[in-house]
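final.csv follows (CSV, C-alpha atoms and all ligand atoms):
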chain,number,residue,atom,x,y,z
D,296,MET,CA,-84.5,-21.6,-103.3
D,297,LEU,CA,-81.0,-22.3,-102.0
D,298,TYR,CA,-79.9,-23.3,-98.6
D,299,VAL,CA,-76.5,-23.9,-97.0
D,300,THR,CA,-75.5,-26.2,-94.1
D,301,GLY,CA,-72.4,-27.6,-92.4
D,302,ASP,CA,-70.5,-30.9,-92.6
D,303,THR,CA,-72.5,-34.1,-93.1
D,304,HIS,CA,-69.6,-36.6,-92.7
D,305,GLY,CA,-71.2,-39.3,-94.7
D,306,GLY,CA,-74.2,-40.5,-92.8
D,307,THR,CA,-72.9,-39.4,-89.4
D,308,ASP,CA,-74.2,-35.8,-89.3
D,309,ILE,CA,-76.9,-36.1,-92.0
D,310,ALA,CA,-79.9,-35.9,-89.7
D,311,LYS,CA,-80.2,-32.1,-90.1
D,312,LEU,CA,-81.4,-32.8,-93.7
D,313,ASN,CA,-84.0,-35.4,-92.9
D,314,SER,CA,-87.6,-34.5,-93.5
D,315,HIS,CA,-88.3,-34.1,-89.8
D,316,SER,CA,-85.5,-31.5,-89.3
D,317,PHE,CA,-85.5,-29.9,-92.7
D,318,VAL,CA,-89.3,-29.5,-93.1
D,319,GLU,CA,-88.9,-27.3,-96.2
D,320,ASN,CA,-87.9,-30.4,-98.1
D,321,ARG,CA,-91.7,-31.1,-98.5
D,322,VAL,CA,-92.2,-28.0,-100.7
D,323,LEU,CA,-89.0,-28.0,-102.6
D,324,SER,CA,-88.1,-29.6,-106.0
D,325,LYS,CA,-84.9,-30.7,-107.7
D,326,ASN,CA,-84.6,-27.1,-108.9
D,327,ASP,CA,-83.9,-26.1,-105.3
D,328,TYR,CA,-80.5,-26.5,-103.8
D,329,VAL,CA,-78.8,-27.4,-100.5
D,330,ILE,CA,-75.0,-26.7,-100.3
D,331,VAL,CA,-73.0,-28.6,-97.8
D,332,ALA,CA,-70.0,-26.5,-96.7
D,333,GLY,CA,-67.5,-29.3,-96.9
D,334,ASP,CA,-66.8,-32.7,-95.3
D,335,PHE,CA,-69.7,-34.1,-97.4
D,336,GLY,CA,-68.0,-37.5,-96.9
D,337,LEU,CA,-70.1,-39.5,-99.3
D,338,VAL,CA,-67.8,-40.0,-102.2
D,339,GLN,CA,-65.6,-42.4,-100.4
D,340,ASP,CA,-65.6,-45.9,-101.8
D,341,PHE,CA,-69.1,-46.7,-102.9
D,342,GLN,CA,-69.4,-49.5,-100.5
D,343,ASN,CA,-72.9,-50.2,-99.1
D,344,GLU,CA,-73.1,-47.3,-96.8
D,345,ASP,CA,-72.2,-44.8,-99.4
D,346,SER,CA,-74.7,-46.1,-101.9
D,347,TYR,CA,-77.5,-46.0,-99.3
D,348,TRP,CA,-76.9,-42.3,-98.5
D,349,LEU,CA,-76.4,-41.3,-102.1
D,350,GLU,CA,-79.8,-42.9,-102.8
D,351,TRP,CA,-81.2,-41.1,-99.8
D,352,PHE,CA,-80.1,-37.8,-101.3
D,353,GLN,CA,-81.6,-38.8,-104.7
D,354,GLN,CA,-85.0,-39.2,-102.9
D,355,LYS,CA,-84.9,-35.7,-101.5
D,356,ASN,CA,-86.8,-32.8,-103.0
D,357,PHE,CA,-83.6,-30.8,-103.6
D,358,THR,CA,-80.4,-31.1,-105.5
D,359,THR,CA,-77.4,-31.4,-103.2
D,360,LEU,CA,-74.3,-29.4,-103.9
D,361,PHE,CA,-71.1,-29.5,-101.9
D,362,VAL,CA,-67.7,-27.9,-101.6
D,363,ASP,CA,-65.1,-30.3,-100.5
D,364,GLY,CA,-63.7,-30.4,-96.9
D,365,ASN,CA,-60.7,-32.2,-95.6
D,366,LYS,CA,-62.3,-35.6,-95.2
D,367,GLU,CA,-63.2,-36.4,-98.7
D,368,ASN,CA,-61.7,-39.2,-100.8
D,369,PHE,CA,-59.9,-36.9,-103.2
D,370,GLY,CA,-58.6,-39.8,-105.3
D,371,LEU,CA,-62.1,-40.8,-106.1
D,372,LEU,CA,-63.6,-37.2,-106.2
D,373,ASN,CA,-60.9,-36.0,-108.7
D,374,SER,CA,-61.5,-39.1,-110.9
D,375,TYR,CA,-64.8,-37.6,-112.0
D,376,PRO,CA,-64.6,-35.7,-115.3
D,377,ILE,CA,-64.7,-31.9,-114.9
D,378,ASP,CA,-67.9,-30.4,-116.2
D,379,PHE,CA,-69.1,-26.8,-116.4
D,380,TRP,CA,-72.4,-25.8,-114.6
D,381,ARG,CA,-73.8,-22.3,-114.0
D,382,GLY,CA,-70.4,-20.8,-115.0
D,383,GLY,CA,-68.1,-22.8,-112.8
D,384,LYS,CA,-66.3,-26.1,-112.7
D,385,VAL,CA,-68.0,-29.1,-111.1
D,386,HIS,CA,-67.8,-32.9,-110.7
D,387,ARG,CA,-71.2,-34.5,-111.3
D,388,ILE,CA,-71.5,-37.3,-108.8
D,389,ASN,CA,-75.0,-38.2,-110.1
D,390,ASP,CA,-78.1,-36.4,-111.2
D,391,SER,CA,-78.8,-35.1,-107.8
D,392,ILE,CA,-75.3,-34.5,-106.3
D,393,ILE,CA,-72.8,-32.0,-107.6
D,394,HIS,CA,-69.3,-31.1,-106.3
D,395,LEU,CA,-68.6,-27.3,-106.6
D,396,MET,CA,-64.9,-27.1,-107.3
D,397,ARG,CA,-62.4,-24.6,-105.7
D,398,GLY,CA,-62.1,-21.1,-106.9
D,399,GLN,CA,-65.3,-21.0,-108.9
D,400,VAL,CA,-68.2,-18.5,-109.2
D,401,PHE,CA,-71.6,-20.0,-109.9
D,402,ASP,CA,-74.5,-18.0,-111.2
D,403,PHE,CA,-77.9,-18.7,-109.7
D,404,ASP,CA,-80.1,-16.5,-111.8
D,405,GLY,CA,-78.0,-13.5,-111.3
D,406,ILE,CA,-76.8,-14.3,-107.7
D,407,LYS,CA,-73.1,-15.1,-107.7
D,408,ILE,CA,-71.7,-17.7,-105.3
D,409,PHE,CA,-67.9,-18.2,-104.9
D,410,THR,CA,-66.8,-21.6,-103.6
D,411,PHE,CA,-63.5,-22.7,-102.3
D,412,GLY,CA,-63.2,-26.1,-100.4
D,413,GLY,CA,-60.4,-27.7,-98.6
D,414,ALA,CA,-58.8,-27.5,-95.1
D,415,LYS,CA,-55.9,-29.0,-93.2
D,416,SER,CA,-56.6,-32.1,-91.1
D,417,LYS,CA,-55.2,-32.5,-87.6
D,418,GLY,CA,-53.1,-35.5,-86.6
D,419,ILE,CA,-52.1,-36.5,-90.2
D,420,GLU,CA,-49.1,-38.3,-88.8
D,421,ARG,CA,-51.5,-41.0,-87.5
D,422,LYS,CA,-53.4,-41.2,-90.8
D,423,ILE,CA,-52.7,-43.2,-94.0
D,424,GLU,CA,-52.0,-41.2,-97.1
D,425,ASN,CA,-54.6,-41.9,-99.8
D,426,GLY,CA,-56.5,-44.1,-97.3
D,427,SER,CA,-57.6,-41.8,-94.5
D,428,TRP,CA,-55.8,-38.6,-95.6
D,429,TRP,CA,-55.2,-37.0,-98.9
D,430,LYS,CA,-52.7,-34.2,-99.5
D,431,GLU,CA,-55.2,-32.7,-101.9
D,432,GLU,CA,-57.2,-31.6,-98.8
D,433,MET,CA,-55.2,-28.4,-99.0
D,434,PRO,CA,-55.4,-26.4,-102.2
D,435,SER,CA,-52.6,-26.4,-104.8
D,436,GLU,CA,-50.9,-23.3,-106.0
D,437,GLU,CA,-52.9,-23.5,-109.2
D,438,GLU,CA,-56.2,-23.6,-107.3
D,439,TYR,CA,-55.3,-20.5,-105.3
D,440,ILE,CA,-54.3,-18.7,-108.4
D,441,GLU,CA,-57.5,-19.8,-110.2
D,442,GLY,CA,-59.6,-18.4,-107.4
D,443,LEU,CA,-58.0,-15.0,-107.7
D,444,LYS,CA,-58.3,-15.0,-111.5
D,445,VAL,CA,-62.0,-15.9,-111.4
D,446,LEU,CA,-62.7,-13.3,-108.7
D,447,GLU,CA,-60.8,-10.7,-110.8
D,448,ARG,CA,-63.0,-11.6,-113.7
D,449,HIS,CA,-66.0,-10.9,-111.5
D,450,ASN,CA,-64.5,-7.5,-110.4
D,451,TRP,CA,-64.0,-8.9,-106.9
D,452,ASN,CA,-67.7,-8.7,-106.3
D,453,VAL,CA,-69.9,-11.7,-105.5
D,454,ASP,CA,-73.0,-12.2,-103.5
D,455,TYR,CA,-72.0,-15.1,-101.3
D,456,ILE,CA,-68.9,-17.0,-100.4
D,457,ILE,CA,-69.1,-20.7,-99.3
D,458,THR,CA,-66.0,-22.4,-98.0
D,459,HIS,CA,-65.0,-25.2,-95.6
D,460,ALA,CA,-62.2,-23.4,-93.8
D,461,CYS,CA,-62.4,-19.7,-92.9
D,462,PRO,CA,-60.3,-16.5,-92.8
D,463,ARG,CA,-57.7,-16.1,-90.2
D,464,VAL,CA,-59.7,-13.4,-88.4
D,465,ALA,CA,-62.6,-15.8,-88.1
D,466,LEU,CA,-60.3,-18.5,-86.7
D,467,GLU,CA,-58.9,-16.0,-84.1
D,468,TYR,CA,-62.4,-15.1,-83.0
D,469,LEU,CA,-63.4,-18.7,-82.7
D,470,SER,CA,-60.2,-19.5,-80.7
D,471,SER,CA,-60.8,-16.7,-78.3
D,472,GLN,CA,-64.6,-17.1,-77.9
D,473,TYR,CA,-65.2,-20.8,-78.4
D,474,GLY,CA,-61.8,-22.4,-77.6
D,475,ILE,CA,-61.3,-23.7,-81.1
D,476,LYS,CA,-57.7,-24.9,-81.4
D,477,GLY,CA,-55.8,-24.6,-84.6
D,478,LYS,CA,-53.0,-22.6,-86.1
D,479,ALA,CA,-53.6,-20.3,-89.0
D,480,ASN,CA,-52.2,-21.8,-92.2
D,481,GLU,CA,-51.9,-20.5,-95.8
D,482,LEU,CA,-55.5,-21.2,-96.6
D,483,HIS,CA,-56.7,-19.0,-93.6
D,484,MET,CA,-54.3,-16.3,-94.9
D,485,TYR,CA,-55.6,-16.6,-98.4
D,486,PHE,CA,-59.2,-16.2,-97.1
D,487,ASP,CA,-58.1,-13.2,-95.1
D,488,GLU,CA,-56.9,-11.6,-98.3
D,489,LEU,CA,-60.2,-12.4,-100.0
D,490,ASN,CA,-62.1,-11.1,-97.0
D,491,GLN,CA,-60.4,-7.7,-97.5
D,492,LYS,CA,-60.5,-7.6,-101.2
D,493,VAL,CA,-63.8,-9.1,-102.2
D,494,LYS,CA,-67.1,-7.4,-101.9
D,495,TYR,CA,-69.7,-9.9,-100.7
D,496,LYS,CA,-73.0,-10.1,-98.7
D,497,HIS,CA,-72.3,-13.1,-96.6
D,498,TRP,CA,-69.7,-15.8,-96.0
D,499,TYR,CA,-70.7,-19.2,-94.8
D,500,PHE,CA,-68.2,-21.9,-93.8
D,501,GLY,CA,-68.1,-25.3,-91.9
D,502,HIS,CA,-65.2,-27.4,-90.6
D,503,TYR,CA,-65.5,-26.4,-86.9
D,504,HIS,CA,-68.6,-28.3,-86.1
D,505,LEU,CA,-70.5,-25.5,-84.4
D,506,ASP,CA,-73.2,-23.1,-85.3
D,507,VAL,CA,-71.9,-19.5,-84.7
D,508,SER,CA,-72.9,-16.2,-86.1
D,509,LEU,CA,-69.6,-14.4,-86.1
D,510,SER,CA,-70.9,-11.1,-87.5
D,511,ASP,CA,-73.7,-9.9,-89.7
D,512,LYS,CA,-71.6,-11.1,-92.7
D,513,MET,CA,-70.0,-14.3,-91.5
D,514,THR,CA,-71.6,-17.6,-90.2
D,515,LEU,CA,-70.1,-20.9,-89.2
D,516,LEU,CA,-72.6,-23.7,-89.8
D,517,PHE,CA,-72.9,-27.2,-88.6
D,518,ASN,CA,-76.4,-28.3,-87.9
D,519,LYS,CA,-78.3,-25.2,-89.0
D,520,VAL,CA,-79.7,-25.2,-92.5
D,521,GLU,CA,-79.8,-21.5,-93.6
D,522,ARG,CA,-81.8,-20.1,-96.5
D,523,VAL,CA,-79.5,-18.1,-98.7
D,524,ILE,CA,-81.7,-17.3,-101.7
D,601,FE,FE,-65.9,-31.9,-90.4

Please go through the file and, once you have read it, give me the structure as structure tokens.
Ligand SMILES: [Fe+2]
Amino acid sequence: MLYVTGDTHGGTDIAKLNSHSFVENRVLSKNDYVIVAGDFGLVQDFQNEDSYWLEWFQQKNFTTLFVDGNKENFGLLNSYPIDFWRGGKVHRINDSIIHLMRGQVFDFDGIKIFTFGGAKSKGIERKIENGSWWKEEMPSEEEYIEGLKVLERHNWNVDYIITHACPRVALEYLSSQYGIKGKANELHMYFDELNQKVKYKHWYFGHYHLDVSLSDKMTLLFNKVERVI
């Protein structure tokens, strides 16, 4: 089985995955997965709090996968060697936690999932580069291109798309209906292009800290844990 949920922000918004909220944990195994749609926030500096929560995830009856958000320590995250898993590039944080890199398609027994993390932080002028903000939060030109090449290889056809940010059309909907503020940037435009070009069943994203079903094909997740497969 595979589930997807929204930002965990280290230990701050992790309660949705405790055994009381996520009761399915009782019947799952390490061959089942929960994907966090960005701002996982637990590969920071391996100080005490990080180790506590990483151990907490080790104890769970599922393997945790995550796409990166805009609040990861990209210096540390990118220091892990790149590995290949289920057809796509990953960083293995430990046996139980795997980072799904940008622009990859992962094959879960015939079900294809395209992942693409990253987003632009607000107020970066008040943040410290490589301390509380990393320029790698936004994709590089190479990552954008890799995403297109990988999708082309899959004939622009996947089952699910999991990202941190969202297409421009989704941002516009969230702005008008939920008062979400934010200007569309190149990542929103890139996702707009994918939204038109790629055939998919459902797109899940995080970042905006709300649970909203935008359409029968697009869901913003925060505290909900949705079963995908
Ligand atoms: Fe977040």

Nearby residues, (-85.5, -33.8, -96.2) file frame, 12 Å, only C-alpha atoms, as a list in words: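 Within the cut-off we find Ile309, Ala310, Lys311, Leu312, Asn313, Ser314, His315, Ser316, Phe317, Val318, Glu319, Asn320, Arg321, Val322, Leu323, Ser324, Lys325, Tyr328, Val329, Trp351, Phe352, Gln353, Gln354, Lys355, Asn356, Phe357, Thr358, Thr359 and Val520 of chain D.
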
Considering only C-alpha atoms and all ligand atoms, give me a table of residues in chain D that are at most 8 Å from ligand FE 601 (chain D), with the closest atom pair and distance in Å for each, as a Markdown table.
| residue | atom | partner | partner_atom | distance |
| --- | --- | --- | --- | --- |
| D:Asp302 | CA | D:FE601 | FE | 5.2 |
| D:Thr303 | CA | D:FE601 | FE | 7.5 |
| D:His304 | CA | D:FE601 | FE | 6.4 |
| D:Gly333 | CA | D:FE601 | FE | 7.2 |
| D:Asp334 | CA | D:FE601 | FE | 5.0 |
| D:Gly364 | CA | D:FE601 | FE | 7.0 |
| D:Asn365 | CA | D:FE601 | FE | 7.4 |
| D:Lys366 | CA | D:FE601 | FE | 7.0 |
| D:Gly501 | CA | D:FE601 | FE | 7.1 |
| D:His502 | CA | D:FE601 | FE | 4.6 |
| D:Tyr503 | CA | D:FE601 | FE | 6.5 |
| D:His504 | CA | D:FE601 | FE | 6.2 |

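Comparing the minimum interatomic distances between D:Val453 and each of D:Leu337, D:Ile408, D:Leu509, D:Leu469, counting all atoms listed in the file, we find that D:Ile408 sits nearest.
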
Can you pull out every residue within 7 Å of D:Asn452, counting all atoms listed in the file, but drop anything in the same chain fewer than 4 positions away, and send it as a compact mmCIF listing (two decimals) with C-alpha atoms, keeping the file's coordinate frame?
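Listed below is the output, out35.txt:
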# COMPACT_ATOMS: atom_id res chain seq x y z
CA VAL D 493 -63.80 -9.10 -102.20
CA LYS D 494 -67.10 -7.40 -101.90
CA TYR D 495 -69.70 -9.90 -100.70

I want to know what sits within 6 Å of stretch 396-399 of chain D, based on all atoms listed in the file, with residues of the same chain fewer than 6 positions away left out; could you give that as a PDB file with C-alpha atoms, in the coordinates of the input?
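See result.pdb below for the written result:
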ATOM      1  CA  GLY D 383     -68.100 -22.800-112.800  1.00  0.00           C
ATOM      2  CA  LYS D 384     -66.300 -26.100-112.700  1.00  0.00           C
ATOM      3  CA  VAL D 385     -68.000 -29.100-111.100  1.00  0.00           C
ATOM      4  CA  PHE D 409     -67.900 -18.200-104.900  1.00  0.00           C
ATOM      5  CA  THR D 410     -66.800 -21.600-103.600  1.00  0.00           C
ATOM      6  CA  PHE D 411     -63.500 -22.700-102.300  1.00  0.00           C
ATOM      7  CA  GLY D 412     -63.200 -26.100-100.400  1.00  0.00           C
ATOM      8  CA  GLU D 441     -57.500 -19.800-110.200  1.00  0.00           C
ATOM      9  CA  GLY D 442     -59.600 -18.400-107.400  1.00  0.00           C
TER      10      GLY D 442
END

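Proximity of D:Asp363, D:Asp404, D:Glu420, D:Asp378 to D:Phe500, computed with all atoms listed in the file, is greatest for D:Asp363.
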
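Distance annotation: of D:Leu446, D:Ile440, D:Ala460, D:Leu515, the residue with the minimal separation from D:Tyr473 is D:Leu515; atom set is only C-alpha atoms.
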
Under the rule that all atoms listed in the file are counted, which of D:Val523, D:Met433, D:Met513, D:Val362 is the nearest residue to D:Val299? D:Val523

Give me, please, the distance in Å between atom CA of D:Ser435 and atom CA of D:Lys422, quoted to one decimal.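 Atom CA of D:Lys422 lies at a distance of 20.4 Å from atom CA of D:Ser435.
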
List every protein, DNA or RNA residue with an atom no more than 9 Å from (-72.8, -19.5, -85.7) in the file's coordinates, counting only C-alpha atoms, and format the result as JSON, numbers by chain. {"D": [505, 506, 507, 508, 509, 510, 513, 514, 515, 516, 517, 519]}

Please report the interatomic distance between atom CA of D:Ser391 and atom CA of D:Lys407 in Å with one decimal.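 Atom CA of D:Lys407 lies 20.8 Å from atom CA of D:Ser391.
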
At what distance in Å, to one decimal, does atom CA of D:Ile388 lie from atom CA of D:Tyr347?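 Between these atoms lies a distance of 14.2 Å.
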
Using all atoms listed in the file, can you tell me which of D:Lys476, D:Gly382, D:Phe403, D:Tyr375 comes closest to D:Asp327? D:Phe403

With distances taken over only C-alpha atoms, which residue among D:Tyr298, D:Tyr468, D:Tyr455, D:Trp348 lies nearest D:Arg522?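 Result for the nearest residue to D:Arg522: D:Tyr298.
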
Got a sec: who's within 10 Å of D:Asp345, counting all atoms listed in the file, leaving out chain neighbours fewer than 6 positions off, as an mmCIF file with C-alpha atoms, keeping the file's coordinate frame?
data_model
loop_
_atom_site.group_PDB
_atom_site.id
_atom_site.type_symbol
_atom_site.label_atom_id
_atom_site.label_comp_id
_atom_site.auth_asym_id
_atom_site.auth_seq_id
_atom_site.Cartn_x
_atom_site.Cartn_y
_atom_site.Cartn_z
ATOM 1 C CA GLY D 305 -71.200 -39.300 -94.700
ATOM 2 C CA GLY D 306 -74.200 -40.500 -92.800
ATOM 3 C CA GLY D 336 -68.000 -37.500 -96.900
ATOM 4 C CA LEU D 337 -70.100 -39.500 -99.300
ATOM 5 C CA VAL D 338 -67.800 -40.000 -102.200
ATOM 6 C CA GLN D 339 -65.600 -42.400 -100.400
ATOM 7 C CA TRP D 351 -81.200 -41.100 -99.800
#
